[in-house]
>>> print(open('target13.pdb').read())   # PDB, C-alpha atoms
ATOM      1  CA  MET N  83     187.883 186.708 -63.279
ATOM      2  CA  ALA N  84     184.631 184.775 -63.566
ATOM      3  CA  ASN N  85     183.135 181.704 -61.928
ATOM      4  CA  LEU N  86     181.813 178.821 -63.989
ATOM      5  CA  PHE N  87     179.033 178.089 -61.530
ATOM      6  CA  ASP N  88     177.782 181.627 -60.904
ATOM      7  CA  ASP N  89     174.599 182.754 -62.576
ATOM      8  CA  LEU N  90     174.129 179.492 -64.419
ATOM      9  CA  PRO N  91     171.734 179.940 -67.311
ATOM     10  CA  ASN N  92     168.438 178.112 -67.024
ATOM     11  CA  ALA N  93     168.834 174.980 -69.130
ATOM     12  CA  THR N  94     165.497 173.325 -68.475
ATOM     13  CA  ASP N  95     164.217 174.171 -71.960
ATOM     14  CA  ALA N  96     167.434 173.705 -73.899
ATOM     15  CA  GLU N  97     171.118 173.088 -73.311
ATOM     16  CA  GLN N  98     173.128 176.265 -72.901
ATOM     17  CA  PHE N  99     176.475 176.700 -74.640
ATOM     18  CA  GLU N 100     178.999 179.414 -73.929
ATOM     19  CA  ASP N 101     182.503 179.890 -75.275
ATOM     20  CA  LEU N 102     184.863 180.778 -72.451
ATOM     21  CA  LEU N 103     187.984 181.197 -74.538
ATOM     22  CA  THR N 104     188.968 180.704 -78.142
ATOM     23  CA  ARG N 105     192.434 180.468 -79.566
ATOM     24  CA  PRO N 106     193.630 179.284 -82.980
ATOM     25  CA  GLY N 107     192.725 175.614 -83.062
ATOM     26  CA  VAL N 108     191.236 175.522 -79.563
ATOM     27  CA  ARG N 109     187.881 176.462 -78.099
ATOM     28  CA  ILE N 110     186.975 176.134 -74.405
ATOM     29  CA  GLU N 111     183.240 175.834 -73.928
ATOM     30  CA  ARG N 112     180.918 175.542 -70.958
ATOM     31  CA  ILE N 113     177.788 173.471 -71.486
ATOM     32  CA  VAL N 114     174.880 173.426 -69.051
ATOM     33  CA  SER N 115     172.344 170.607 -69.338
ATOM     34  CA  THR N 116     169.255 169.787 -67.327
ATOM     35  CA  GLY N 117     167.696 166.568 -68.518
ATOM     36  CA  GLN N 118     168.634 166.861 -72.190
ATOM     37  CA  THR N 119     169.850 163.921 -74.207
ATOM     38  CA  THR N 120     171.084 163.497 -77.766
ATOM     39  CA  PRO N 121     168.489 162.030 -80.133
ATOM     40  CA  GLU N 122     169.283 158.381 -80.779
ATOM     41  CA  ASP N 123     169.262 158.858 -84.539
ATOM     42  CA  LYS N 124     171.430 161.984 -84.401
ATOM     43  CA  PRO N 125     174.668 161.157 -82.616
ATOM     44  CA  TYR N 126     177.428 163.730 -82.578
ATOM     45  CA  ASP N 127     180.029 163.067 -85.268
ATOM     46  CA  GLN N 128     182.572 165.843 -85.090
ATOM     47  CA  PRO N 129     185.517 166.473 -87.395
ATOM     48  CA  HIS N 130     187.784 167.369 -84.453
ATOM     49  CA  ASP N 131     188.971 165.901 -81.158
ATOM     50  CA  GLU N 132     187.075 167.003 -78.080
ATOM     51  CA  TRP N 133     188.142 166.708 -74.459
ATOM     52  CA  ILE N 134     185.334 166.592 -71.918
ATOM     53  CA  LEU N 135     185.416 167.211 -68.166
ATOM     54  CA  LEU N 136     182.271 166.910 -66.072
ATOM     55  CA  LEU N 137     182.293 169.709 -63.490
ATOM     56  CA  ALA N 138     178.955 169.343 -61.724
ATOM     57  CA  GLY N 139     175.860 167.183 -61.858
ATOM     58  CA  ALA N 140     175.669 163.782 -63.486
ATOM     59  CA  ALA N 141     175.409 162.433 -66.998
ATOM     60  CA  ARG N 142     175.674 159.322 -69.097
ATOM     61  CA  LEU N 143     177.564 159.261 -72.368
ATOM     62  CA  TRP N 144     177.475 156.643 -75.076
ATOM     63  CA  ILE N 145     180.575 156.356 -77.227
ATOM     64  CA  ASP N 146     180.682 154.199 -80.317
ATOM     65  CA  GLY N 147     182.771 151.102 -79.660
ATOM     66  CA  GLU N 148     182.894 151.734 -75.911
ATOM     67  CA  GLY N 149     179.282 151.698 -74.729
ATOM     68  CA  GLU N 150     177.931 153.909 -71.985
ATOM     69  CA  HIS N 151     179.912 155.790 -69.345
ATOM     70  CA  ASP N 152     178.367 157.130 -66.163
ATOM     71  CA  LEU N 153     179.943 160.513 -65.542
ATOM     72  CA  ARG N 154     180.385 162.243 -62.212
ATOM     73  CA  PRO N 155     182.248 165.438 -61.374
ATOM     74  CA  GLY N 156     185.926 165.145 -62.200
ATOM     75  CA  ASP N 157     185.480 162.512 -64.886
ATOM     76  CA  HIS N 158     187.277 163.404 -68.086
ATOM     77  CA  LEU N 159     187.829 161.742 -71.413
ATOM     78  CA  LEU N 160     188.936 162.407 -74.950
ATOM     79  CA  ILE N 161     186.468 161.862 -77.759
ATOM     80  CA  PRO N 162     188.492 161.445 -80.947
ATOM     81  CA  ALA N 163     187.377 163.101 -84.181
ATOM     82  CA  HIS N 164     184.545 161.226 -85.896
ATOM     83  CA  ARG N 165     183.934 158.931 -82.941
ATOM     84  CA  ARG N 166     180.163 158.967 -82.738
ATOM     85  CA  HIS N 167     178.768 159.738 -79.295
ATOM     86  CA  ARG N 168     175.521 160.640 -77.618
ATOM     87  CA  VAL N 169     174.493 161.993 -74.254
ATOM     88  CA  THR N 170     171.981 159.369 -73.128
ATOM     89  CA  TRP N 171     171.030 160.942 -69.783
ATOM     90  CA  THR N 172     171.580 164.083 -67.745
ATOM     91  CA  ALA N 173     170.272 164.790 -64.263
ATOM     92  CA  THR N 174     166.919 166.552 -64.089
ATOM     93  CA  ASP N 175     167.090 167.775 -60.482
ATOM     94  CA  ALA N 176     170.048 170.133 -60.866
ATOM     95  CA  PRO N 177     172.192 171.585 -63.640
ATOM     96  CA  THR N 178     174.931 169.463 -65.107
ATOM     97  CA  VAL N 179     177.963 171.534 -66.056
ATOM     98  CA  TRP N 180     180.501 170.355 -68.613
ATOM     99  CA  LEU N 181     183.793 171.766 -69.750
ATOM    100  CA  ALA N 182     184.452 170.903 -73.390
ATOM    101  CA  ILE N 183     187.708 171.671 -75.136
ATOM    102  CA  HIS N 184     187.443 171.504 -78.887
ATOM    103  CA  PHE N 185     190.575 171.058 -80.955
ATOM    104  CA  ASP N 186     189.104 172.543 -84.089
TER     105      ASP N 186
ATOM    106  CA  MET W 168     187.954 157.487 -68.649
ATOM    107  CA  ALA W 169     189.617 158.886 -65.549
ATOM    108  CA  ASN W 170     188.603 161.125 -62.663
ATOM    109  CA  LEU W 171     190.584 164.221 -61.775
ATOM    110  CA  PHE W 172     189.906 163.809 -58.076
ATOM    111  CA  ASP W 173     190.601 160.089 -57.717
ATOM    112  CA  ASP W 174     193.874 158.991 -56.186
ATOM    113  CA  LEU W 175     195.147 162.535 -55.790
ATOM    114  CA  PRO W 176     198.904 162.539 -55.312
ATOM    115  CA  ASN W 177     200.143 163.685 -51.938
ATOM    116  CA  ALA W 178     201.194 167.301 -52.420
ATOM    117  CA  THR W 179     202.187 168.176 -48.886
ATOM    118  CA  ASP W 180     205.887 168.122 -49.734
ATOM    119  CA  ALA W 181     205.708 169.598 -53.233
ATOM    120  CA  GLU W 182     203.153 170.579 -55.833
ATOM    121  CA  GLN W 183     202.238 167.762 -58.169
ATOM    122  CA  PHE W 184     201.963 168.352 -61.911
ATOM    123  CA  GLU W 185     200.427 165.949 -64.428
ATOM    124  CA  ASP W 186     199.743 166.421 -68.112
ATOM    125  CA  LEU W 187     196.265 165.150 -68.945
ATOM    126  CA  LEU W 188     196.400 165.803 -72.671
ATOM    127  CA  THR W 189     198.793 167.404 -75.102
ATOM    128  CA  ARG W 190     198.075 168.564 -78.616
ATOM    129  CA  PRO W 191     200.101 170.792 -80.926
ATOM    130  CA  GLY W 192     200.070 174.167 -79.215
ATOM    131  CA  VAL W 193     197.965 173.054 -76.253
ATOM    132  CA  ARG W 194     198.668 171.263 -73.007
ATOM    133  CA  ILE W 195     196.054 170.422 -70.379
ATOM    134  CA  GLU W 196     197.608 170.011 -66.960
ATOM    135  CA  ARG W 197     196.347 169.117 -63.521
ATOM    136  CA  ILE W 198     198.136 170.740 -60.605
ATOM    137  CA  VAL W 199     197.667 169.674 -56.987
ATOM    138  CA  SER W 200     198.826 172.049 -54.247
ATOM    139  CA  THR W 201     198.688 171.801 -50.489
ATOM    140  CA  GLY W 202     199.996 174.950 -48.891
ATOM    141  CA  GLN W 203     202.603 175.815 -51.525
ATOM    142  CA  THR W 204     203.184 179.339 -52.729
ATOM    143  CA  THR W 205     205.411 180.901 -55.357
ATOM    144  CA  PRO W 206     208.535 182.547 -53.936
ATOM    145  CA  GLU W 207     208.090 186.309 -53.916
ATOM    146  CA  ASP W 208     211.284 186.868 -55.864
ATOM    147  CA  LYS W 209     210.502 184.199 -58.451
ATOM    148  CA  PRO W 210     207.161 185.014 -60.046
ATOM    149  CA  TYR W 211     206.033 182.983 -63.027
ATOM    150  CA  ASP W 212     206.779 184.745 -66.307
ATOM    151  CA  GLN W 213     205.703 182.443 -69.092
ATOM    152  CA  PRO W 214     206.136 182.940 -72.815
ATOM    153  CA  HIS W 215     202.618 181.622 -73.532
ATOM    154  CA  ASP W 216     199.019 182.306 -72.518
ATOM    155  CA  GLU W 217     197.653 180.123 -69.750
ATOM    156  CA  TRP W 218     194.020 179.570 -68.811
ATOM    157  CA  ILE W 219     193.403 178.548 -65.210
ATOM    158  CA  LEU W 220     190.352 176.945 -63.609
ATOM    159  CA  LEU W 221     190.259 176.175 -59.908
ATOM    160  CA  LEU W 222     188.535 172.820 -59.437
ATOM    161  CA  ALA W 223     188.775 172.167 -55.710
ATOM    162  CA  GLY W 224     190.203 173.773 -52.613
ATOM    163  CA  ALA W 225     191.132 177.428 -52.298
ATOM    164  CA  ALA W 226     193.994 179.643 -53.408
ATOM    165  CA  ARG W 227     195.122 183.197 -53.818
ATOM    166  CA  LEU W 228     196.822 184.432 -56.954
ATOM    167  CA  TRP W 229     198.695 187.668 -57.480
ATOM    168  CA  ILE W 230     198.784 188.991 -61.008
ATOM    169  CA  ASP W 231     200.957 191.904 -62.013
ATOM    170  CA  GLY W 232     198.819 194.973 -62.566
ATOM    171  CA  GLU W 233     195.748 193.383 -61.024
ATOM    172  CA  GLY W 234     196.695 192.528 -57.466
ATOM    173  CA  GLU W 235     195.473 189.463 -55.608
ATOM    174  CA  HIS W 236     192.511 187.263 -56.496
ATOM    175  CA  ASP W 237     190.899 184.883 -54.021
ATOM    176  CA  LEU W 238     190.063 181.738 -55.950
ATOM    177  CA  ARG W 239     187.316 179.266 -55.165
ATOM    178  CA  PRO W 240     186.130 176.280 -57.203
ATOM    179  CA  GLY W 241     184.785 177.360 -60.571
ATOM    180  CA  ASP W 242     186.874 180.521 -60.791
ATOM    181  CA  HIS W 243     188.696 180.816 -64.082
ATOM    182  CA  LEU W 244     190.919 183.387 -65.708
ATOM    183  CA  LEU W 245     193.354 183.896 -68.518
ATOM    184  CA  ILE W 246     196.925 184.796 -67.685
ATOM    185  CA  PRO W 247     198.418 186.391 -70.790
ATOM    186  CA  ALA W 248     201.958 185.562 -71.878
ATOM    187  CA  HIS W 249     204.603 187.373 -69.854
ATOM    188  CA  ARG W 250     202.120 188.629 -67.280
ATOM    189  CA  ARG W 251     203.973 187.965 -64.058
ATOM    190  CA  HIS W 252     201.984 186.061 -61.451
ATOM    191  CA  ARG W 253     202.462 184.267 -58.177
ATOM    192  CA  VAL W 254     200.438 181.891 -56.054
ATOM    193  CA  THR W 255     200.445 183.684 -52.708
ATOM    194  CA  TRP W 256     198.421 181.160 -50.735
ATOM    195  CA  THR W 257     196.915 177.685 -51.051
ATOM    196  CA  ALA W 258     194.844 175.857 -48.480
ATOM    197  CA  THR W 259     196.745 173.623 -46.098
ATOM    198  CA  ASP W 260     193.852 171.498 -44.829
ATOM    199  CA  ALA W 261     192.935 169.809 -48.104
ATOM    200  CA  PRO W 262     194.332 169.527 -51.628
ATOM    201  CA  THR W 263     193.758 172.369 -54.039
ATOM    202  CA  VAL W 264     193.246 171.116 -57.584
ATOM    203  CA  TRP W 265     193.824 173.335 -60.613
ATOM    204  CA  LEU W 266     193.244 172.797 -64.282
ATOM    205  CA  ALA W 267     195.764 174.723 -66.359
ATOM    206  CA  ILE W 268     195.577 174.974 -70.118
ATOM    207  CA  HIS W 269     198.808 176.121 -71.677
ATOM    208  CA  PHE W 270     198.770 177.591 -75.166
ATOM    209  CA  ASP W 271     202.384 176.823 -75.878
TER     210      ASP W 271
END
>>> encode(input="target13.pdb", output="structure tokens")
Amino acid sequence: MANLFDDLPNATDAEQFEDLLTRPGVRIERIVSTGQTTPEDKPYDQPHDEWILLLAGAARLWIDGEGEHDLRPGDHLLIPAHRRHRVTWTATDAPTVWLAIHFD
Amino acid sequence: MANLFDDLPNATDAEQFEDLLTRPGVRIERIVSTGQTTPEDKPYDQPHDEWILLLAGAARLWIDGEGEHDLRPGDHLLIPAHRRHRVTWTATDAPTVWLAIHFD
């Protein structure tokens, strides 16, 4: 057994990605951010659906056609394949922890 | 967008189960418990792998061959198919919220 919040990697220099579990067609990933954002000219555009759950911290997410969402712990949403999106803000005072489930 | 912790169903009488997302071979479920346990003579014995993440509250989980685990928020583990397991305790003073990912 492991805890998602124990020994969080330092993400002040760069976001930290860790696969927690992979299965055929599914990947569960923990992402730790501290202040990072997605470059405005390089939105994510993924070929697969992704389900996001914010676990700790705070973030703001822009989704094409929807605008910006302020995210707090417990917020979850599905980002369909090829829906462009960008992280436009993450908290700088403490780590923001995301759970991302990729349906590859 | 929705929040996992908003408008939690009252689980004092019975555990509350809600599917958050289903995809071929995968089901993401929220479970809310308040004091429930699994009957000792009726352990879970599922034909599929299940990944568990405790999101809020506190619980204790018995897993065949491993014994009991005390779970606090952030704890996660994989329960392989056909590994018998039982919830032996959940907090009674506040809801316990689980995320369960079933690899059906």
>>> atom_distance(input="target13.pdb", atom1="atom CA of Ala173 of chain N", atom2="atom CA of Gly139 of chain N")
6.5 Å
>>> closest_residue(input="target13.pdb", among="N:Tyr126, N:Trp171, N:Phe99, N:Trp180", to="chain W", atoms="only C-alpha atoms")
N:Trp180
>>> closest_atom_pairs(input="target13.pdb", of="chain W", to="chain N", cutoff="7 Å", atoms="all atoms listed in the file", output="CSV")
residue,atom,partner,partner_atom,distance
W:Met168,CA,N:Leu159,CA,5.1
W:Ala169,CA,N:Asp157,CA,5.5
W:Asn170,CA,N:Asp157,CA,4.1
W:Leu171,CA,N:Gly156,CA,4.8
W:Phe172,CA,N:Gly156,CA,5.9
W:Gly241,CA,N:Leu86,CA,4.8
W:Asp242,CA,N:Asn85,CA,4.1
W:His243,CA,N:Ala84,CA,5.7
W:Leu244,CA,N:Met83,CA,5.1
>>> residues_near_point(input="target13.pdb", point="(200.0, 161.8, -61.1)", cutoff="10 Å", atoms="all atoms listed in the file", output="NGL selection string")
:W and (171 or 174-177 or 183-187 or 197-199)
>>> residues_around(input="target13.pdb", residues="Val169 of chain N", least_positions_apart="4", cutoff="7 Å", atoms="only C-alpha atoms", output="list of chain:residue names")
N:Thr119, N:Thr120, N:Arg142, N:Leu143, N:Trp144
>>> atom_distance(input="target13.pdb", atom1="atom CA of Ile219 of chain W", atom2="atom CA of Glu233 of chain W")
15.6 Å
>>> atom_distance(input="target13.pdb", atom1="atom CA of Asp212 of chain W", atom2="atom CA of Ala248 of chain W")
7.4 Å
>>> residues_around(input="target13.pdb", residues="His249 of chain W", least_positions_apart="2", cutoff="7 Å", atoms="all atoms listed in the file", output="MDAnalysis selection string")
chainID W and resid 212:214 247 251
>>> residues_around(input="target13.pdb", residues="Ala176 of chain N", least_positions_apart="5", cutoff="10 Å", atoms="only C-alpha atoms", output="PDB file with C-alpha atoms, keeping the file's coordinate frame")
ATOM      1  CA  ALA N  93     168.834 174.980 -69.130  1.00  0.00           C
ATOM      2  CA  THR N  94     165.497 173.325 -68.475  1.00  0.00           C
ATOM      3  CA  SER N 115     172.344 170.607 -69.338  1.00  0.00           C
ATOM      4  CA  THR N 116     169.255 169.787 -67.327  1.00  0.00           C
ATOM      5  CA  GLY N 117     167.696 166.568 -68.518  1.00  0.00           C
ATOM      6  CA  ALA N 138     178.955 169.343 -61.724  1.00  0.00           C
ATOM      7  CA  GLY N 139     175.860 167.183 -61.858  1.00  0.00           C
ATOM      8  CA  ALA N 140     175.669 163.782 -63.486  1.00  0.00           C
TER       9      ALA N 140
END
>>> axis_aligned_box(input="target13.pdb", around="segment 198-213 of chain W", padding_each_side="3 Å", output="JSON")
{"center_x": 204.5, "center_y": 178.3, "center_z": -59.0, "size_x": 19.6, "size_y": 23.2, "size_z": 26.2}
>>> closest_residue(input="target13.pdb", among="N:Glu132, N:Asp95, N:Gln118, N:Arg109", to="His167 of chain N", atoms="all atoms listed in the file")
N:Glu132
>>> build_atoms(input="target13.pdb", residues="segment 239-264 of chain W", atoms="N, CA and C atoms", output="PDB file, in the frame of the given file")
ATOM      1  N   ARG W 239     188.113 180.379 -55.689  1.00  0.00           N
ATOM      2  CA  ARG W 239     187.316 179.266 -55.165  1.00  0.00           C
ATOM      3  C   ARG W 239     186.917 178.387 -56.353  1.00  0.00           C
ATOM      4  N   PRO W 240     186.434 177.182 -56.089  1.00  0.00           N
ATOM      5  CA  PRO W 240     186.130 176.280 -57.203  1.00  0.00           C
ATOM      6  C   PRO W 240     185.193 176.928 -58.222  1.00  0.00           C
ATOM      7  N   GLY W 241     185.550 176.778 -59.473  1.00  0.00           N
ATOM      8  CA  GLY W 241     184.785 177.360 -60.571  1.00  0.00           C
ATOM      9  C   GLY W 241     185.390 178.648 -61.100  1.00  0.00           C
ATOM     10  N   ASP W 242     186.244 179.287 -60.320  1.00  0.00           N
ATOM     11  CA  ASP W 242     186.874 180.521 -60.791  1.00  0.00           C
ATOM     12  C   ASP W 242     187.838 180.204 -61.933  1.00  0.00           C
ATOM     13  N   HIS W 243     187.791 181.022 -62.957  1.00  0.00           N
ATOM     14  CA  HIS W 243     188.696 180.816 -64.082  1.00  0.00           C
ATOM     15  C   HIS W 243     189.165 182.161 -64.599  1.00  0.00           C
ATOM     16  N   LEU W 244     190.353 182.159 -65.157  1.00  0.00           N
ATOM     17  CA  LEU W 244     190.919 183.387 -65.708  1.00  0.00           C
ATOM     18  C   LEU W 244     192.030 183.064 -66.680  1.00  0.00           C
ATOM     19  N   LEU W 245     192.266 184.018 -67.558  1.00  0.00           N
ATOM     20  CA  LEU W 245     193.354 183.896 -68.518  1.00  0.00           C
ATOM     21  C   LEU W 245     194.534 184.712 -68.018  1.00  0.00           C
ATOM     22  N   ILE W 246     195.688 184.086 -68.007  1.00  0.00           N
ATOM     23  CA  ILE W 246     196.925 184.796 -67.685  1.00  0.00           C
ATOM     24  C   ILE W 246     197.688 184.971 -68.995  1.00  0.00           C
ATOM     25  N   PRO W 247     197.743 186.201 -69.497  1.00  0.00           N
ATOM     26  CA  PRO W 247     198.418 186.391 -70.790  1.00  0.00           C
ATOM     27  C   PRO W 247     199.917 186.099 -70.691  1.00  0.00           C
ATOM     28  N   ALA W 248     200.508 185.797 -71.820  1.00  0.00           N
ATOM     29  CA  ALA W 248     201.958 185.562 -71.878  1.00  0.00           C
ATOM     30  C   ALA W 248     202.697 186.727 -71.246  1.00  0.00           C
ATOM     31  N   HIS W 249     203.705 186.389 -70.483  1.00  0.00           N
ATOM     32  CA  HIS W 249     204.603 187.373 -69.854  1.00  0.00           C
ATOM     33  C   HIS W 249     203.927 188.267 -68.825  1.00  0.00           C
ATOM     34  N   ARG W 250     202.703 187.935 -68.424  1.00  0.00           N
ATOM     35  CA  ARG W 250     202.120 188.629 -67.280  1.00  0.00           C
ATOM     36  C   ARG W 250     202.622 187.907 -66.022  1.00  0.00           C
ATOM     37  N   ARG W 251     203.410 188.603 -65.236  1.00  0.00           N
ATOM     38  CA  ARG W 251     203.973 187.965 -64.058  1.00  0.00           C
ATOM     39  C   ARG W 251     202.873 187.628 -63.061  1.00  0.00           C
ATOM     40  N   HIS W 252     202.998 186.470 -62.423  1.00  0.00           N
ATOM     41  CA  HIS W 252     201.984 186.061 -61.451  1.00  0.00           C
ATOM     42  C   HIS W 252     202.613 185.124 -60.419  1.00  0.00           C
ATOM     43  N   ARG W 253     201.983 185.114 -59.266  1.00  0.00           N
ATOM     44  CA  ARG W 253     202.462 184.267 -58.177  1.00  0.00           C
ATOM     45  C   ARG W 253     201.278 183.707 -57.417  1.00  0.00           C
ATOM     46  N   VAL W 254     201.395 182.462 -56.998  1.00  0.00           N
ATOM     47  CA  VAL W 254     200.438 181.891 -56.054  1.00  0.00           C
ATOM     48  C   VAL W 254     200.880 182.348 -54.669  1.00  0.00           C
ATOM     49  N   THR W 255     200.035 183.120 -54.004  1.00  0.00           N
ATOM     50  CA  THR W 255     200.445 183.684 -52.708  1.00  0.00           C
ATOM     51  C   THR W 255     199.894 182.894 -51.532  1.00  0.00           C
ATOM     52  N   TRP W 256     198.968 181.992 -51.805  1.00  0.00           N
ATOM     53  CA  TRP W 256     198.421 181.160 -50.735  1.00  0.00           C
ATOM     54  C   TRP W 256     197.670 179.983 -51.346  1.00  0.00           C
ATOM     55  N   THR W 257     197.823 178.801 -50.749  1.00  0.00           N
ATOM     56  CA  THR W 257     196.915 177.685 -51.051  1.00  0.00           C
ATOM     57  C   THR W 257     196.543 177.028 -49.732  1.00  0.00           C
ATOM     58  N   ALA W 258     195.354 176.471 -49.707  1.00  0.00           N
ATOM     59  CA  ALA W 258     194.844 175.857 -48.480  1.00  0.00           C
ATOM     60  C   ALA W 258     195.784 174.764 -48.002  1.00  0.00           C
ATOM     61  N   THR W 259     195.867 174.638 -46.672  1.00  0.00           N
ATOM     62  CA  THR W 259     196.745 173.623 -46.098  1.00  0.00           C
ATOM     63  C   THR W 259     195.967 172.412 -45.582  1.00  0.00           C
ATOM     64  N   ASP W 260     194.648 172.558 -45.466  1.00  0.00           N
ATOM     65  CA  ASP W 260     193.852 171.498 -44.829  1.00  0.00           C
ATOM     66  C   ASP W 260     193.330 170.465 -45.814  1.00  0.00           C
ATOM     67  N   ALA W 261     193.424 170.747 -47.095  1.00  0.00           N
ATOM     68  CA  ALA W 261     192.935 169.809 -48.104  1.00  0.00           C
ATOM     69  C   ALA W 261     193.606 170.167 -49.427  1.00  0.00           C
ATOM     70  N   PRO W 262     193.673 169.221 -50.356  1.00  0.00           N
ATOM     71  CA  PRO W 262     194.332 169.527 -51.628  1.00  0.00           C
ATOM     72  C   PRO W 262     193.564 170.582 -52.424  1.00  0.00           C
ATOM     73  N   THR W 263     194.316 171.436 -53.057  1.00  0.00           N
ATOM     74  CA  THR W 263     193.758 172.369 -54.039  1.00  0.00           C
ATOM     75  C   THR W 263     194.097 171.823 -55.420  1.00  0.00           C
ATOM     76  N   VAL W 264     193.067 171.716 -56.262  1.00  0.00           N
ATOM     77  CA  VAL W 264     193.246 171.116 -57.584  1.00  0.00           C
ATOM     78  C   VAL W 264     192.957 172.181 -58.645  1.00  0.00           C
TER      79      VAL W 264
END
